[in-house]
$ cat run.csv   # CSV, N, CA and C atoms
chain,number,residue,atom,x,y,z
A,1,GLN,N,197.4,-48.5,47.0
A,1,GLN,CA,198.5,-47.9,46.3
A,1,GLN,C,199.7,-48.9,46.2
A,2,VAL,N,200.5,-48.8,45.2
A,2,VAL,CA,201.6,-49.7,44.9
A,2,VAL,C,202.8,-48.9,44.5
A,3,GLN,N,203.9,-49.3,44.9
A,3,GLN,CA,205.2,-48.8,44.4
A,3,GLN,C,205.9,-49.8,43.6
A,4,LEU,N,206.5,-49.3,42.5
A,4,LEU,CA,207.1,-50.3,41.5
A,4,LEU,C,208.6,-49.9,41.3
A,5,VAL,N,209.4,-50.9,41.3
A,5,VAL,CA,210.9,-50.8,41.1
A,5,VAL,C,211.3,-51.7,40.1
A,6,GLU,N,211.9,-51.2,39.0
A,6,GLU,CA,212.4,-52.1,37.9
A,6,GLU,C,213.8,-52.3,38.1
A,7,SER,N,214.3,-53.5,37.5
A,7,SER,CA,215.7,-53.8,37.5
A,7,SER,C,216.0,-54.7,36.3
A,8,GLY,N,217.2,-54.9,36.1
A,8,GLY,CA,217.6,-55.9,35.0
A,8,GLY,C,218.1,-55.3,33.7
A,9,GLY,N,218.0,-54.0,33.6
A,9,GLY,CA,218.4,-53.4,32.3
A,9,GLY,C,220.0,-53.4,32.2
A,10,GLY,N,220.4,-53.1,31.0
A,10,GLY,CA,221.9,-53.0,30.8
A,10,GLY,C,222.2,-52.9,29.4
A,11,LEU,N,223.5,-53.1,29.1
A,11,LEU,CA,224.0,-53.0,27.7
A,11,LEU,C,224.2,-54.4,27.2
A,12,VAL,N,223.7,-54.7,26.0
A,12,VAL,CA,223.8,-56.0,25.5
A,12,VAL,C,223.9,-55.9,24.0
A,13,GLN,N,224.6,-56.9,23.4
A,13,GLN,CA,224.8,-56.9,21.9
A,13,GLN,C,223.5,-57.4,21.3
A,14,ALA,N,223.3,-57.0,20.0
A,14,ALA,CA,222.2,-57.5,19.3
A,14,ALA,C,222.2,-59.0,19.2
A,15,GLY,N,221.0,-59.5,19.4
A,15,GLY,CA,220.8,-61.0,19.4
A,15,GLY,C,220.8,-61.5,20.8
A,16,GLY,N,221.2,-60.7,21.8
A,16,GLY,CA,221.3,-61.2,23.2
A,16,GLY,C,220.0,-61.1,23.9
A,17,SER,N,220.0,-61.4,25.2
A,17,SER,CA,218.8,-61.5,26.0
A,17,SER,C,219.0,-60.7,27.3
A,18,LEU,N,217.9,-60.3,27.8
A,18,LEU,CA,217.8,-59.7,29.1
A,18,LEU,C,216.5,-60.1,29.8
A,19,ARG,N,216.5,-60.1,31.1
A,19,ARG,CA,215.3,-60.4,31.9
A,19,ARG,C,215.1,-59.2,32.8
A,20,LEU,N,214.1,-58.4,32.5
A,20,LEU,CA,213.7,-57.3,33.4
A,20,LEU,C,212.7,-57.8,34.4
A,21,SER,N,212.9,-57.2,35.6
A,21,SER,CA,212.0,-57.5,36.7
A,21,SER,C,211.4,-56.2,37.3
A,22,CYS,N,210.2,-56.3,37.8
A,22,CYS,CA,209.5,-55.2,38.4
A,22,CYS,C,209.0,-55.7,39.8
A,23,ALA,N,209.5,-55.2,40.8
A,23,ALA,CA,209.1,-55.5,42.2
A,23,ALA,C,208.1,-54.5,42.7
A,24,ALA,N,206.9,-55.1,43.2
A,24,ALA,CA,205.9,-54.2,43.7
A,24,ALA,C,205.7,-54.3,45.2
A,25,SER,N,205.5,-53.2,45.8
A,25,SER,CA,205.2,-53.1,47.2
A,25,SER,C,203.8,-53.4,47.5
A,26,GLY,N,203.4,-53.6,48.7
A,26,GLY,CA,202.0,-53.8,49.1
A,26,GLY,C,201.5,-55.2,49.1
A,27,ARG,N,200.4,-55.4,49.7
A,27,ARG,CA,199.9,-56.8,49.9
A,27,ARG,C,198.8,-57.2,48.9
A,28,THR,N,198.5,-56.3,48.0
A,28,THR,CA,197.4,-56.5,47.0
A,28,THR,C,197.9,-56.6,45.6
A,29,PHE,N,199.1,-57.1,45.4
A,29,PHE,CA,199.7,-57.1,44.1
A,29,PHE,C,198.8,-57.8,43.1
A,30,SER,N,198.2,-58.9,43.6
A,30,SER,CA,197.4,-59.7,42.7
A,30,SER,C,196.1,-59.0,42.2
A,31,GLY,N,195.8,-57.8,42.8
A,31,GLY,CA,194.7,-57.1,42.3
A,31,GLY,C,195.0,-56.1,41.2
A,32,TYR,N,196.3,-56.1,40.7
A,32,TYR,CA,196.7,-55.1,39.7
A,32,TYR,C,197.0,-55.8,38.4
A,33,ALA,N,196.5,-55.2,37.4
A,33,ALA,CA,197.0,-55.5,36.0
A,33,ALA,C,198.3,-54.8,35.9
A,34,MET,N,199.2,-55.5,35.2
A,34,MET,CA,200.6,-55.0,35.0
A,34,MET,C,201.0,-54.9,33.6
A,35,GLY,N,201.8,-53.8,33.3
A,35,GLY,CA,202.2,-53.6,31.9
A,35,GLY,C,203.7,-53.2,31.9
A,36,TRP,N,204.3,-53.4,30.7
A,36,TRP,CA,205.6,-52.9,30.4
A,36,TRP,C,205.5,-51.9,29.2
A,37,PHE,N,206.1,-50.8,29.4
A,37,PHE,CA,206.2,-49.8,28.3
A,37,PHE,C,207.7,-49.5,28.1
A,38,ARG,N,208.0,-48.8,27.0
A,38,ARG,CA,209.3,-48.3,26.8
A,38,ARG,C,209.3,-47.0,26.1
A,39,GLN,N,210.3,-46.2,26.3
A,39,GLN,CA,210.4,-44.9,25.7
A,39,GLN,C,211.9,-44.7,25.2
A,40,ALA,N,212.0,-44.5,23.9
A,40,ALA,CA,213.3,-44.2,23.4
A,40,ALA,C,213.5,-42.7,23.3
A,41,PRO,N,214.7,-42.2,23.2
A,41,PRO,CA,214.9,-40.7,23.1
A,41,PRO,C,214.2,-40.1,22.0
A,42,GLY,N,213.4,-39.0,22.3
A,42,GLY,CA,212.7,-38.3,21.3
A,42,GLY,C,211.4,-39.0,20.8
A,43,LYS,N,211.1,-40.1,21.4
A,43,LYS,CA,209.8,-40.8,21.0
A,43,LYS,C,208.9,-40.8,22.2
A,44,GLU,N,207.6,-41.1,21.8
A,44,GLU,CA,206.6,-41.3,22.8
A,44,GLU,C,206.7,-42.6,23.5
A,45,ARG,N,206.2,-42.7,24.7
A,45,ARG,CA,206.2,-44.0,25.4
A,45,ARG,C,205.2,-44.9,24.7
A,46,GLU,N,205.7,-46.2,24.5
A,46,GLU,CA,204.9,-47.1,23.8
A,46,GLU,C,204.7,-48.4,24.5
A,47,PHE,N,203.6,-49.0,24.3
A,47,PHE,CA,203.3,-50.3,24.9
A,47,PHE,C,204.2,-51.4,24.4
A,48,VAL,N,204.5,-52.3,25.4
A,48,VAL,CA,205.4,-53.4,25.0
A,48,VAL,C,204.6,-54.7,25.3
A,49,ALA,N,204.2,-54.9,26.6
A,49,ALA,CA,203.5,-56.1,27.0
A,49,ALA,C,202.7,-55.9,28.2
A,50,ALA,N,201.7,-56.7,28.5
A,50,ALA,CA,200.9,-56.6,29.7
A,50,ALA,C,200.3,-57.9,30.1
A,51,VAL,N,200.0,-58.0,31.3
A,51,VAL,CA,199.4,-59.3,31.9
A,51,VAL,C,198.3,-58.9,32.8
A,52,SER,N,197.2,-59.7,32.8
A,52,SER,CA,196.1,-59.5,33.6
A,52,SER,C,196.4,-59.9,35.1
A,53,ARG,N,195.4,-59.6,36.0
A,53,ARG,CA,195.6,-59.8,37.4
A,53,ARG,C,195.9,-61.3,37.7
A,54,SER,N,195.1,-62.1,37.0
A,54,SER,CA,195.2,-63.6,37.2
A,54,SER,C,196.3,-64.2,36.4
A,55,ALA,N,197.0,-63.5,35.5
A,55,ALA,CA,198.0,-64.0,34.6
A,55,ALA,C,197.4,-64.8,33.5
A,56,ALA,N,196.1,-64.9,33.4
A,56,ALA,CA,195.4,-65.7,32.3
A,56,ALA,C,195.5,-65.1,31.0
A,57,VAL,N,195.6,-63.7,30.9
A,57,VAL,CA,195.6,-63.0,29.7
A,57,VAL,C,196.9,-62.2,29.5
A,58,THR,N,197.5,-62.3,28.4
A,58,THR,CA,198.7,-61.4,28.1
A,58,THR,C,198.5,-60.7,26.8
A,59,TYR,N,199.1,-59.6,26.7
A,59,TYR,CA,199.1,-58.8,25.5
A,59,TYR,C,200.5,-58.4,25.1
A,60,TYR,N,200.7,-58.3,23.8
A,60,TYR,CA,202.1,-57.9,23.3
A,60,TYR,C,201.9,-56.9,22.1
A,61,ALA,N,202.9,-56.0,22.0
A,61,ALA,CA,203.0,-55.2,20.9
A,61,ALA,C,203.4,-56.1,19.7
A,62,ASP,N,203.0,-55.8,18.5
A,62,ASP,CA,203.4,-56.6,17.3
A,62,ASP,C,204.9,-56.6,17.2
A,63,SER,N,205.6,-55.5,17.5
A,63,SER,CA,207.0,-55.4,17.3
A,63,SER,C,207.8,-56.4,18.2
A,64,VAL,N,207.2,-56.9,19.3
A,64,VAL,CA,207.9,-57.8,20.2
A,64,VAL,C,207.4,-59.2,20.3
A,65,LYS,N,206.3,-59.5,19.6
A,65,LYS,CA,205.7,-60.8,19.7
A,65,LYS,C,206.7,-61.8,19.2
A,66,GLY,N,206.8,-62.9,20.0
A,66,GLY,CA,207.7,-64.0,19.7
A,66,GLY,C,209.1,-63.8,20.2
A,67,ARG,N,209.4,-62.6,20.7
A,67,ARG,CA,210.7,-62.3,21.3
A,67,ARG,C,210.6,-61.9,22.8
A,68,PHE,N,209.5,-61.3,23.2
A,68,PHE,CA,209.4,-60.9,24.6
A,68,PHE,C,208.3,-61.8,25.2
A,69,THR,N,208.5,-62.1,26.5
A,69,THR,CA,207.5,-62.8,27.3
A,69,THR,C,207.3,-62.2,28.6
A,70,ILE,N,206.1,-61.9,28.9
A,70,ILE,CA,205.7,-61.3,30.2
A,70,ILE,C,205.2,-62.4,31.1
A,71,SER,N,205.6,-62.3,32.4
A,71,SER,CA,205.1,-63.2,33.4
A,71,SER,C,205.0,-62.5,34.7
A,72,ARG,N,204.2,-63.1,35.6
A,72,ARG,CA,204.0,-62.5,36.9
A,72,ARG,C,204.0,-63.6,37.9
A,73,ASP,N,204.5,-63.3,39.1
A,73,ASP,CA,204.4,-64.2,40.3
A,73,ASP,C,203.8,-63.5,41.4
A,74,ASN,N,202.5,-63.7,41.6
A,74,ASN,CA,201.7,-63.0,42.6
A,74,ASN,C,202.2,-63.3,44.0
A,75,ALA,N,202.8,-64.5,44.2
A,75,ALA,CA,203.3,-64.8,45.5
A,75,ALA,C,204.6,-64.0,45.9
A,76,LYS,N,205.3,-63.6,44.8
A,76,LYS,CA,206.5,-62.8,45.1
A,76,LYS,C,206.4,-61.3,44.7
A,77,ASN,N,205.2,-60.9,44.3
A,77,ASN,CA,204.9,-59.5,44.0
A,77,ASN,C,205.8,-59.0,42.9
A,78,THR,N,206.0,-59.8,41.9
A,78,THR,CA,206.9,-59.4,40.8
A,78,THR,C,206.3,-59.7,39.4
A,79,VAL,N,206.7,-58.9,38.5
A,79,VAL,CA,206.3,-59.1,37.1
A,79,VAL,C,207.6,-59.0,36.3
A,80,ASN,N,207.8,-60.0,35.4
A,80,ASN,CA,209.1,-60.1,34.6
A,80,ASN,C,208.8,-59.9,33.1
A,81,LEU,N,209.9,-59.5,32.5
A,81,LEU,CA,209.8,-59.4,31.0
A,81,LEU,C,211.1,-60.0,30.5
A,82,GLN,N,210.9,-61.2,29.9
A,82,GLN,CA,212.1,-61.9,29.2
A,82,GLN,C,212.2,-61.3,27.8
A,83,ILE,N,213.4,-60.8,27.5
A,83,ILE,CA,213.6,-60.2,26.2
A,83,ILE,C,214.7,-61.0,25.5
A,84,ASN,N,214.3,-61.6,24.4
A,84,ASN,CA,215.2,-62.4,23.6
A,84,ASN,C,215.4,-61.7,22.2
A,85,SER,N,216.5,-62.2,21.5
A,85,SER,CA,216.8,-61.7,20.2
A,85,SER,C,216.7,-60.2,20.1
A,86,LEU,N,217.4,-59.5,21.0
A,86,LEU,CA,217.4,-58.1,21.1
A,86,LEU,C,217.9,-57.4,19.8
A,87,LYS,N,217.3,-56.3,19.5
A,87,LYS,CA,217.6,-55.5,18.3
A,87,LYS,C,218.0,-54.1,18.8
A,88,PRO,N,218.8,-53.4,18.0
A,88,PRO,CA,219.2,-52.0,18.4
A,88,PRO,C,217.9,-51.2,18.6
A,89,GLU,N,216.9,-51.4,17.8
A,89,GLU,CA,215.7,-50.6,18.0
A,89,GLU,C,214.9,-50.9,19.3
A,90,ASP,N,215.3,-51.9,20.0
A,90,ASP,CA,214.8,-52.1,21.3
A,90,ASP,C,215.4,-51.2,22.4
A,91,THR,N,216.4,-50.5,22.0
A,91,THR,CA,217.0,-49.6,23.0
A,91,THR,C,216.0,-48.5,23.5
A,92,ALA,N,215.9,-48.4,24.8
A,92,ALA,CA,214.9,-47.5,25.4
A,92,ALA,C,215.0,-47.7,26.9
A,93,VAL,N,214.3,-46.8,27.6
A,93,VAL,CA,214.0,-46.9,29.0
A,93,VAL,C,212.7,-47.7,29.1
A,94,TYR,N,212.8,-48.8,29.9
A,94,TYR,CA,211.6,-49.7,30.1
A,94,TYR,C,211.0,-49.4,31.4
A,95,TYR,N,209.7,-49.2,31.4
A,95,TYR,CA,208.9,-48.9,32.5
A,95,TYR,C,207.9,-50.0,32.9
A,96,CYS,N,207.7,-50.2,34.1
A,96,CYS,CA,206.7,-51.1,34.6
A,96,CYS,C,205.5,-50.2,35.1
A,97,ALA,N,204.3,-50.7,34.9
A,97,ALA,CA,203.1,-49.9,35.2
A,97,ALA,C,202.1,-50.8,35.8
A,98,ALA,N,201.2,-50.3,36.7
A,98,ALA,CA,200.1,-51.1,37.3
A,98,ALA,C,198.8,-50.3,37.4
A,99,ASP,N,197.8,-51.0,37.4
A,99,ASP,CA,196.4,-50.4,37.6
A,99,ASP,C,195.5,-51.5,38.1
A,100,ARG,N,194.5,-51.0,38.9
A,100,ARG,CA,193.6,-51.9,39.5
A,100,ARG,C,192.3,-52.0,38.8
A,101,SER,N,192.1,-51.1,37.8
A,101,SER,CA,190.7,-51.0,37.3
A,101,SER,C,190.4,-51.8,36.0
A,102,PHE,N,191.4,-52.4,35.4
A,102,PHE,CA,191.2,-53.1,34.1
A,102,PHE,C,190.4,-54.3,34.3
A,103,PRO,N,189.5,-54.6,33.3
A,103,PRO,CA,188.8,-55.9,33.3
A,103,PRO,C,189.8,-56.9,32.9
A,104,GLU,N,189.5,-58.2,33.1
A,104,GLU,CA,190.4,-59.3,32.8
A,104,GLU,C,190.7,-59.3,31.3
A,105,TYR,N,189.7,-59.1,30.5
A,105,TYR,CA,189.8,-59.0,29.0
A,105,TYR,C,189.5,-57.6,28.6
A,106,GLY,N,190.5,-56.8,28.4
A,106,GLY,CA,190.2,-55.4,28.0
A,106,GLY,C,191.5,-54.8,27.4
A,107,GLY,N,191.8,-55.3,26.2
A,107,GLY,CA,193.0,-55.0,25.6
A,107,GLY,C,193.3,-53.5,25.4
A,108,SER,N,192.3,-52.7,25.2
A,108,SER,CA,192.6,-51.3,24.9
A,108,SER,C,193.1,-50.6,26.2
A,109,TYR,N,192.6,-51.1,27.4
A,109,TYR,CA,193.1,-50.5,28.6
A,109,TYR,C,194.6,-50.9,28.8
A,110,TYR,N,194.9,-52.1,28.6
A,110,TYR,CA,196.3,-52.6,28.8
A,110,TYR,C,197.3,-51.9,27.9
A,111,ARG,N,196.9,-51.5,26.7
A,111,ARG,CA,197.8,-51.0,25.7
A,111,ARG,C,198.0,-49.5,25.8
A,112,SER,N,197.2,-48.8,26.6
A,112,SER,CA,197.3,-47.3,26.7
A,112,SER,C,198.1,-46.9,27.9
A,113,PRO,N,199.2,-46.2,27.7
A,113,PRO,CA,199.9,-45.7,28.9
A,113,PRO,C,199.0,-44.8,29.8
A,114,GLY,N,198.1,-44.1,29.3
A,114,GLY,CA,197.3,-43.2,30.1
A,114,GLY,C,196.3,-43.9,31.0
A,115,SER,N,196.2,-45.2,30.8
A,115,SER,CA,195.2,-46.0,31.6
A,115,SER,C,195.8,-46.4,32.9
A,116,TYR,N,197.1,-46.4,33.1
A,116,TYR,CA,197.8,-46.9,34.3
A,116,TYR,C,198.0,-45.8,35.3
A,117,ALA,N,197.7,-46.1,36.5
A,117,ALA,CA,197.8,-45.2,37.6
A,117,ALA,C,199.2,-45.1,38.3
A,118,TYR,N,199.9,-46.2,38.2
A,118,TYR,CA,201.2,-46.3,38.9
A,118,TYR,C,202.3,-46.7,38.0
A,119,TRP,N,203.5,-46.1,38.2
A,119,TRP,CA,204.6,-46.3,37.3
A,119,TRP,C,205.9,-46.4,38.1
A,120,GLY,N,206.8,-47.2,37.6
A,120,GLY,CA,208.2,-47.3,38.2
A,120,GLY,C,209.0,-46.2,37.6
A,121,GLN,N,210.3,-46.2,38.0
A,121,GLN,CA,211.2,-45.2,37.6
A,121,GLN,C,211.9,-45.5,36.3
A,122,GLY,N,211.8,-46.8,35.8
A,122,GLY,CA,212.4,-47.2,34.6
A,122,GLY,C,213.8,-47.8,34.7
A,123,THR,N,214.1,-48.6,33.7
A,123,THR,CA,215.4,-49.2,33.7
A,123,THR,C,215.9,-49.2,32.2
A,124,GLN,N,217.2,-48.8,32.0
A,124,GLN,CA,217.7,-48.5,30.7
A,124,GLN,C,218.1,-49.9,30.0
A,125,VAL,N,217.7,-50.1,28.8
A,125,VAL,CA,218.1,-51.2,28.0
A,125,VAL,C,218.8,-50.6,26.7
A,126,THR,N,220.1,-50.9,26.5
A,126,THR,CA,220.8,-50.5,25.4
A,126,THR,C,221.3,-51.7,24.6
A,127,VAL,N,221.0,-51.7,23.3
A,127,VAL,CA,221.4,-52.8,22.5
A,127,VAL,C,222.4,-52.3,21.4
A,128,SER,N,223.6,-52.8,21.4
A,128,SER,CA,224.6,-52.4,20.4
A,128,SER,C,224.5,-53.3,19.2
A,129,PRO,N,224.8,-52.7,18.0
A,129,PRO,CA,224.7,-53.5,16.8
A,129,PRO,C,225.7,-54.7,16.8

$ encode --input "run.csv" --output "structure tokens"
Amino acid sequence: QVQLVESGGGLVQAGGSLRLSCAASGRTFSGYAMGWFRQAPGKEREFVAAVSRSAAVTYYADSVKGRFTISRDNAKNTVNLQINSLKPEDTAVYYCAADRSFPEYGGSYYRSPGSYAYWGQGTQVTVSP
């Protein structure tokens, strides 16, 4: 089992940057695939980015490619999301998620929120025009 705590959200102007972090408890962090999702008011939770256990494989939603970068540090039990060139439509609560069962190359698993067993409480990102 793993517990996830997100941080780094805030209010930023369009064009700005943020770095979200997700700290995981437990000694087996390297055994978990990690993902970031977001949910805006009145909308469904949507996939943003994910990284495999070894960090060899990353996945991104088309809407964030080239602006967002996911990374993980298995020694520090953290996964980060660097967000650049923020847009007002990026405003949402951002969630970190984890699961042990994904294959290294299995994009459909990584992109589906229903595939993840563990979730953090979320961190708010608000982008002003």

$ residues_around --input "run.csv" --residues "Val79 (chain A)" --least-positions-apart "2" --cutoff "8 Å" --atoms "only N, CA and C atoms" --output "PyMOL selection string"
chain A and resi 20-24+34-35+70-74+76-77+81-82

$ closest_residue --input "run.csv" --among "A:Gln124, A:Ser7, A:Asn80, A:Thr58" --to "Gly106 (chain A)" --atoms "only C-alpha atoms"
A:Thr58

$ atom_distance --input "run.csv" --atom1 "CA of Ala14 (chain A)" --atom2 "CA of Glu89 (chain A)"
9.6 Å

$ residues_around --input "run.csv" --residues "Tyr95 (chain A)" --least-positions-apart "6" --cutoff "6.5 Å" --atoms "only N, CA and C atoms" --output "list of chain:residue names"
A:Gly35, A:Trp36, A:Phe37, A:Arg38, A:Gln39, A:Gly120, A:Gln121, A:Gly122, A:Thr123

$ select_by_dssp --input "run.csv" --residues "chain A" --states "alpha helix (DSSP H)" --output "list in words"
Gly107, Ser108, Tyr109, Tyr110 and Arg111 of chain A

$ atom_distance --input "run.csv" --atom1 "atom N of Asp99 (chain A)" --atom2 "atom N of Ser63 (chain A)"
21.8 Å

$ atom_distance --input "run.csv" --atom1 "CA of Glu44 (chain A)" --atom2 "CA of Asp90 (chain A)"
13.6 Å

$ closest_residue --input "run.csv" --among "A:Ala98, A:Leu18, A:Ile83, A:Val51" --to "Phe68 (chain A)" --atoms "only N, CA and C atoms"
A:Ile83

$ select_by_dssp --input "run.csv" --residues "chain A" --states "strand (DSSP E or B)" --output "short mmCIF file (atom, residue, chain, number, x, y, z; two decimals) with N, CA and C atoms, in the frame of the given file"
data_model
loop_
_atom_site.label_atom_id
_atom_site.label_comp_id
_atom_site.auth_asym_id
_atom_site.auth_seq_id
_atom_site.Cartn_x
_atom_site.Cartn_y
_atom_site.Cartn_z
N LEU A 4 206.50 -49.30 42.50
CA LEU A 4 207.10 -50.30 41.50
C LEU A 4 208.60 -49.90 41.30
N VAL A 5 209.40 -50.90 41.30
CA VAL A 5 210.90 -50.80 41.10
C VAL A 5 211.30 -51.70 40.10
N GLU A 6 211.90 -51.20 39.00
CA GLU A 6 212.40 -52.10 37.90
C GLU A 6 213.80 -52.30 38.10
N SER A 7 214.30 -53.50 37.50
CA SER A 7 215.70 -53.80 37.50
C SER A 7 216.00 -54.70 36.30
N GLY A 10 220.40 -53.10 31.00
CA GLY A 10 221.90 -53.00 30.80
C GLY A 10 222.20 -52.90 29.40
N LEU A 11 223.50 -53.10 29.10
CA LEU A 11 224.00 -53.00 27.70
C LEU A 11 224.20 -54.40 27.20
N VAL A 12 223.70 -54.70 26.00
CA VAL A 12 223.80 -56.00 25.50
C VAL A 12 223.90 -55.90 24.00
N GLN A 13 224.60 -56.90 23.40
CA GLN A 13 224.80 -56.90 21.90
C GLN A 13 223.50 -57.40 21.30
N LEU A 18 217.90 -60.30 27.80
CA LEU A 18 217.80 -59.70 29.10
C LEU A 18 216.50 -60.10 29.80
N ARG A 19 216.50 -60.10 31.10
CA ARG A 19 215.30 -60.40 31.90
C ARG A 19 215.10 -59.20 32.80
N LEU A 20 214.10 -58.40 32.50
CA LEU A 20 213.70 -57.30 33.40
C LEU A 20 212.70 -57.80 34.40
N SER A 21 212.90 -57.20 35.60
CA SER A 21 212.00 -57.50 36.70
C SER A 21 211.40 -56.20 37.30
N CYS A 22 210.20 -56.30 37.80
CA CYS A 22 209.50 -55.20 38.40
C CYS A 22 209.00 -55.70 39.80
N ALA A 23 209.50 -55.20 40.80
CA ALA A 23 209.10 -55.50 42.20
C ALA A 23 208.10 -54.50 42.70
N ALA A 24 206.90 -55.10 43.20
CA ALA A 24 205.90 -54.20 43.70
C ALA A 24 205.70 -54.30 45.20
N ALA A 33 196.50 -55.20 37.40
CA ALA A 33 197.00 -55.50 36.00
C ALA A 33 198.30 -54.80 35.90
N MET A 34 199.20 -55.50 35.20
CA MET A 34 200.60 -55.00 35.00
C MET A 34 201.00 -54.90 33.60
N GLY A 35 201.80 -53.80 33.30
CA GLY A 35 202.20 -53.60 31.90
C GLY A 35 203.70 -53.20 31.90
N TRP A 36 204.30 -53.40 30.70
CA TRP A 36 205.60 -52.90 30.40
C TRP A 36 205.50 -51.90 29.20
N PHE A 37 206.10 -50.80 29.40
CA PHE A 37 206.20 -49.80 28.30
C PHE A 37 207.70 -49.50 28.10
N ARG A 38 208.00 -48.80 27.00
CA ARG A 38 209.30 -48.30 26.80
C ARG A 38 209.30 -47.00 26.10
N GLN A 39 210.30 -46.20 26.30
CA GLN A 39 210.40 -44.90 25.70
C GLN A 39 211.90 -44.70 25.20
N GLU A 46 205.70 -46.20 24.50
CA GLU A 46 204.90 -47.10 23.80
C GLU A 46 204.70 -48.40 24.50
N PHE A 47 203.60 -49.00 24.30
CA PHE A 47 203.30 -50.30 24.90
C PHE A 47 204.20 -51.40 24.40
N VAL A 48 204.50 -52.30 25.40
CA VAL A 48 205.40 -53.40 25.00
C VAL A 48 204.60 -54.70 25.30
N ALA A 49 204.20 -54.90 26.60
CA ALA A 49 203.50 -56.10 27.00
C ALA A 49 202.70 -55.90 28.20
N ALA A 50 201.70 -56.70 28.50
CA ALA A 50 200.90 -56.60 29.70
C ALA A 50 200.30 -57.90 30.10
N VAL A 51 200.00 -58.00 31.30
CA VAL A 51 199.40 -59.30 31.90
C VAL A 51 198.30 -58.90 32.80
N THR A 58 197.50 -62.30 28.40
CA THR A 58 198.70 -61.40 28.10
C THR A 58 198.50 -60.70 26.80
N TYR A 59 199.10 -59.60 26.70
CA TYR A 59 199.10 -58.80 25.50
C TYR A 59 200.50 -58.40 25.10
N TYR A 60 200.70 -58.30 23.80
CA TYR A 60 202.10 -57.90 23.30
C TYR A 60 201.90 -56.90 22.10
N PHE A 68 209.50 -61.30 23.20
CA PHE A 68 209.40 -60.90 24.60
C PHE A 68 208.30 -61.80 25.20
N THR A 69 208.50 -62.10 26.50
CA THR A 69 207.50 -62.80 27.30
C THR A 69 207.30 -62.20 28.60
N ILE A 70 206.10 -61.90 28.90
CA ILE A 70 205.70 -61.30 30.20
C ILE A 70 205.20 -62.40 31.10
N SER A 71 205.60 -62.30 32.40
CA SER A 71 205.10 -63.20 33.40
C SER A 71 205.00 -62.50 34.70
N ARG A 72 204.20 -63.10 35.60
CA ARG A 72 204.00 -62.50 36.90
C ARG A 72 204.00 -63.60 37.90
N ASP A 73 204.50 -63.30 39.10
CA ASP A 73 204.40 -64.20 40.30
C ASP A 73 203.80 -63.50 41.40
N THR A 78 206.00 -59.80 41.90
CA THR A 78 206.90 -59.40 40.80
C THR A 78 206.30 -59.70 39.40
N VAL A 79 206.70 -58.90 38.50
CA VAL A 79 206.30 -59.10 37.10
C VAL A 79 207.60 -59.00 36.30
N ASN A 80 207.80 -60.00 35.40
CA ASN A 80 209.10 -60.10 34.60
C ASN A 80 208.80 -59.90 33.10
N LEU A 81 209.90 -59.50 32.50
CA LEU A 81 209.80 -59.40 31.00
C LEU A 81 211.10 -60.00 30.50
N GLN A 82 210.90 -61.20 29.90
CA GLN A 82 212.10 -61.90 29.20
C GLN A 82 212.20 -61.30 27.80
N ILE A 83 213.40 -60.80 27.50
CA ILE A 83 213.60 -60.20 26.20
C ILE A 83 214.70 -61.00 25.50
N ALA A 92 215.90 -48.40 24.80
CA ALA A 92 214.90 -47.50 25.40
C ALA A 92 215.00 -47.70 26.90
N VAL A 93 214.30 -46.80 27.60
CA VAL A 93 214.00 -46.90 29.00
C VAL A 93 212.70 -47.70 29.10
N TYR A 94 212.80 -48.80 29.90
CA TYR A 94 211.60 -49.70 30.10
C TYR A 94 211.00 -49.40 31.40
N TYR A 95 209.70 -49.20 31.40
CA TYR A 95 208.90 -48.90 32.50
C TYR A 95 207.90 -50.00 32.90
N CYS A 96 207.70 -50.20 34.10
CA CYS A 96 206.70 -51.10 34.60
C CYS A 96 205.50 -50.20 35.10
N ALA A 97 204.30 -50.70 34.90
CA ALA A 97 203.10 -49.90 35.20
C ALA A 97 202.10 -50.80 35.80
N ALA A 98 201.20 -50.30 36.70
CA ALA A 98 200.10 -51.10 37.30
C ALA A 98 198.80 -50.30 37.40
N ASP A 99 197.80 -51.00 37.40
CA ASP A 99 196.40 -50.40 37.60
C ASP A 99 195.50 -51.50 38.10
N TYR A 118 199.90 -46.20 38.20
CA TYR A 118 201.20 -46.30 38.90
C TYR A 118 202.30 -46.70 38.00
N TRP A 119 203.50 -46.10 38.20
CA TRP A 119 204.60 -46.30 37.30
C TRP A 119 205.90 -46.40 38.10
N THR A 123 214.10 -48.60 33.70
CA THR A 123 215.40 -49.20 33.70
C THR A 123 215.90 -49.20 32.20
N GLN A 124 217.20 -48.80 32.00
CA GLN A 124 217.70 -48.50 30.70
C GLN A 124 218.10 -49.90 30.00
N VAL A 125 217.70 -50.10 28.80
CA VAL A 125 218.10 -51.20 28.00
C VAL A 125 218.80 -50.60 26.70
N THR A 126 220.10 -50.90 26.50
CA THR A 126 220.80 -50.50 25.40
C THR A 126 221.30 -51.70 24.60
N VAL A 127 221.00 -51.70 23.30
CA VAL A 127 221.40 -52.80 22.50
C VAL A 127 222.40 -52.30 21.40
N SER A 128 223.60 -52.80 21.40
CA SER A 128 224.60 -52.40 20.40
C SER A 128 224.50 -53.30 19.20
#

$ closest_residue --input "run.csv" --among "A:Leu86, A:Gln1, A:Ser17, A:Ala56" --to "Phe29 (chain A)" --atoms "only C-alpha atoms"
A:Gln1

$ closest_residue --input "run.csv" --among "A:Gly15, A:Pro88, A:Gly107, A:Gly42" --to "Thr126 (chain A)" --atoms "only C-alpha atoms"
A:Pro88

$ closest_residue --input "run.csv" --among "A:Val2, A:Ala49, A:Leu11, A:Ala40" --to "Thr28 (chain A)" --atoms "all atoms listed in the file"
A:Val2

$ closest_residue --input "run.csv" --among "A:Tyr60, A:Phe47, A:Tyr118, A:Tyr94" --to "Glu6 (chain A)" --atoms "only N, CA and C atoms"
A:Tyr94
